[in-house]
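Chemist: Here you go, one structure.
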Amino acid sequence: MSVPTHGNYYGYYLKRPSVTDPRLALLPENTFSGKRVLDIGCNAGWVTCEIAQSRGAHKVVGVDIDDTLIRAAWKRRQVVWSLQKPQSSQSNKGNDLMDFEDLTRNASMEVTHLQADYFPASLQHSFGPLPIPPSKIRGKHAFPHNVSFRTADWVTEEIVEDANGYDVVIAFSISKWIHINGGDEGLRAFFRRVYSVLEPGGVFILEPQEWDTYKKAKKLNDSLRNSAQTLELRPSDFESILGDIGFSPACHLGTTGDGGFRRTVDLYVKQHVT
Ligand SMILES: C[S@@+](CC[C@H](N)C(=O)[O-])C[C@H]1O[C@@H](n2cnc3c(N)ncnc32)[C@H](O)[C@@H]1O
């Protein structure tokens, strides 16, 4: 495997189990209900799929710089679909005759009654994943049609979904990698881009890595070591940088995770321009 200089770890969710991610449990209820969500640095898509499947999101896009991880994320989508409880025969009945409103209502009912991990994983291993029915049947805002993935360096490249904006942007455990690869200016540019794609009143959820965890990243290669030496900003400065850009003061939601993954999750709101 090549050196994970962007934090592009393979098997990340085997080290950081995330069938139900404890970071999402820290967020206010309804953070995602009916929302357009961008998950930056989605890795193999476990958190992205959970938001799409169980949190009532209208549409979730996961973006990652590493194409191998994005291919794993598409596979994860099908695995999650294959393990969930099938729709009841009642809610399946007559779907081909349903209009859009019926389908949307049906989809949100399903979120309430949905049971993830209904089938044992061994079934999927033995027989392969279940096919995904066309979006015409399930509705494009029901899982799994409400989640998609893109490969891009999101600090410097746009993805098509950016043009419509988002209600919620997530950056879990990625700020260190953007900071150390792009320097202080790269990180500021990242925060400005997040601001620019959010609707006014939209929410930015950030899980920054602590400064002492940068030590390990610096050892990955000379380029990261040299770049790290130029850094003047520290994670403790992020709140004031985000404030200067136009975000609210941080709402510190709490700390979760074990060992080296123990981190705080902060929520910022894009202020309405007066
Ligand atoms: C440590 S992992 C965190 C994964 C996930 N956000 C989580 O916390 O569950 C960081 C991820 O960010 C991705 N990444 C790093 N820099 C990126 C960039 N500029 N654009 C998109 N993805 C990036 C890496 O490939 C990696 O999958």
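To be explicit about the labels: the chains of the structure tokens are called A, B, and onward in the order shown, and within each one the residues are counted from 1, while ligands get numbers from 1 in the order they are shown.
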Would you list the contacts of Gln84 of chain A as a ChimeraX atom specification, taking every protein, DNA or RNA residue within 8 Å and counting only C-alpha atoms, but skipping same-chain residues closer than 2 positions in sequence?

Modeler: /A:80-82,86,114-119

Chemist: Using backbone DSSP assignments, extract all alpha helix (DSSP H) residues from segment 66-244 of chain A; output them as number ranges by chain.

Modeler: A: 67-83, 89-92, 100-113, 121-127, 135-138, 175-197, 214-218, 222-229, 238-244

Chemist: If the limit is 6 Å from any atom of ligand 1, counting only C-alpha atoms and all ligand atoms, which residues qualify? Return them as a list in words.

Modeler: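 Final answer, ordered by chain and number: His6, Gly7, Asn8, Ile40, Gly41, Cys42, Asn43, Val63, Asp64, Ile65, Asp66, Ala152, Asp153, Trp154, Val155, Phe172, Ser173, Ile174, Trp177 and Ile178 of chain A.
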
Chemist: List every residue of segment 3-229 of chain A that DSSP, applied to the backbone, labels as strand (DSSP E), and write the result as a PyMOL selection string.

Modeler: chain A and resi 36-40+59-64+147-151+166-172+198-207

Chemist: Looking at A:Ala25, A:Leu69, A:Leu233, A:Ala57, which one is nearest to Ala44 of chain A, with distances taken over only C-alpha atoms?

Modeler: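 Answer, going by the shortest atom-to-atom distance: A:Leu69.
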
Chemist: Please identify all polymer residues within 7 Å of Gly62 of chain A, counting only C-alpha atoms, omitting same-chain residues fewer than 4 positions from it, and present them as a PDB file with C-alpha atoms, in the first residue's frame.

Modeler:
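Saved to result.pdb:
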```
ATOM      1  CA  LEU A  38     -21.549  16.934   2.118  1.00  0.00           C
ATOM      2  CA  ASP A  39     -19.140  14.547   3.916  1.00  0.00           C
ATOM      3  CA  ILE A  40     -15.588  15.672   3.101  1.00  0.00           C
ATOM      4  CA  CYS A  42     -15.575  10.234   3.522  1.00  0.00           C
ATOM      5  CA  GLY A  45     -18.243   5.770   3.179  1.00  0.00           C
ATOM      6  CA  THR A  48     -21.874   8.798   4.815  1.00  0.00           C
ATOM      7  CA  SER A 148     -23.444   9.137  -3.867  1.00  0.00           C
ATOM      8  CA  PHE A 149     -19.668   9.435  -3.895  1.00  0.00           C
ATOM      9  CA  ARG A 150     -17.070  11.463  -5.790  1.00  0.00           C
TER      10      ARG A 150
END
```

Chemist: Any idea what the distance is between atom CA of Asp222 of chain A and atom CA of Gly182 of chain A?

Modeler: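 About the pair atom CA of Asp222 of chain A and atom CA of Gly182 of chain A: they are 14.2 Å apart.
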
Chemist: Just to confirm, what's the straight-line distance from atom CA of Ser248 of chain A to atom CA of Val61 of chain A in Å (one decimal)?

Modeler: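 Going from atom CA of Ser248 of chain A over to atom CA of Val61 of chain A, I get 24.2 Å.
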
Chemist: Can you tell me which residues surround Gly201 of chain A at a distance of at most 10 Å, considering only C-alpha atoms, apart from same-chain residues fewer than 2 positions away, and format the answer as an mmCIF file with N, CA and C atoms, in the first residue's frame?

Modeler:
```
data_model
loop_
_atom_site.group_PDB
_atom_site.id
_atom_site.type_symbol
_atom_site.label_atom_id
_atom_site.label_comp_id
_atom_site.auth_asym_id
_atom_site.auth_seq_id
_atom_site.Cartn_x
_atom_site.Cartn_y
_atom_site.Cartn_z
ATOM 1 N N ASP A 167 -26.790 22.075 3.181
ATOM 2 C CA ASP A 167 -27.289 22.533 4.484
ATOM 3 C C ASP A 167 -26.323 22.133 5.604
ATOM 4 N N VAL A 168 -25.619 21.026 5.371
ATOM 5 C CA VAL A 168 -24.690 20.511 6.393
ATOM 6 C C VAL A 168 -23.412 20.052 5.702
ATOM 7 N N LEU A 198 -22.013 26.463 1.840
ATOM 8 C CA LEU A 198 -23.128 26.305 2.782
ATOM 9 C C LEU A 198 -24.185 27.377 2.553
ATOM 10 N N GLU A 199 -25.449 26.984 2.739
ATOM 11 C CA GLU A 199 -26.538 27.954 2.745
ATOM 12 C C GLU A 199 -26.402 28.812 4.007
ATOM 13 N N VAL A 203 -24.857 24.358 8.547
ATOM 14 C CA VAL A 203 -24.069 23.884 9.689
ATOM 15 C C VAL A 203 -22.775 23.222 9.214
ATOM 16 N N PHE A 204 -21.680 23.585 9.873
ATOM 17 C CA PHE A 204 -20.375 22.961 9.606
ATOM 18 C C PHE A 204 -19.999 22.151 10.847
ATOM 19 N N PHE A 247 -18.518 32.408 10.498
ATOM 20 C CA PHE A 247 -19.239 31.378 11.243
ATOM 21 C C PHE A 247 -19.516 31.870 12.673
ATOM 22 N N SER A 248 -20.520 31.255 13.283
ATOM 23 C CA SER A 248 -20.847 31.512 14.701
ATOM 24 C C SER A 248 -19.703 31.000 15.585
ATOM 25 N N TYR A 268 -20.490 24.628 13.937
ATOM 26 C CA TYR A 268 -20.483 26.055 13.601
ATOM 27 C C TYR A 268 -21.656 26.335 12.670
ATOM 28 N N VAL A 269 -22.247 27.528 12.807
ATOM 29 C CA VAL A 269 -23.360 27.888 11.930
ATOM 30 C C VAL A 269 -22.917 29.044 11.043
ATOM 31 N N LYS A 270 -23.224 28.925 9.758
ATOM 32 C CA LYS A 270 -22.914 30.030 8.843
ATOM 33 C C LYS A 270 -23.881 31.159 9.153
ATOM 34 N N GLN A 271 -23.328 32.290 9.564
ATOM 35 C CA GLN A 271 -24.166 33.424 9.969
ATOM 36 C C GLN A 271 -24.844 34.026 8.754
ATOM 37 N N HIS A 272 -26.051 34.513 8.964
ATOM 38 C CA HIS A 272 -26.730 35.252 7.899
ATOM 39 C C HIS A 272 -26.008 36.574 7.713
ATOM 40 N N VAL A 273 -25.806 36.961 6.463
ATOM 41 C CA VAL A 273 -25.138 38.249 6.234
ATOM 42 C C VAL A 273 -26.163 39.343 6.497
#
```
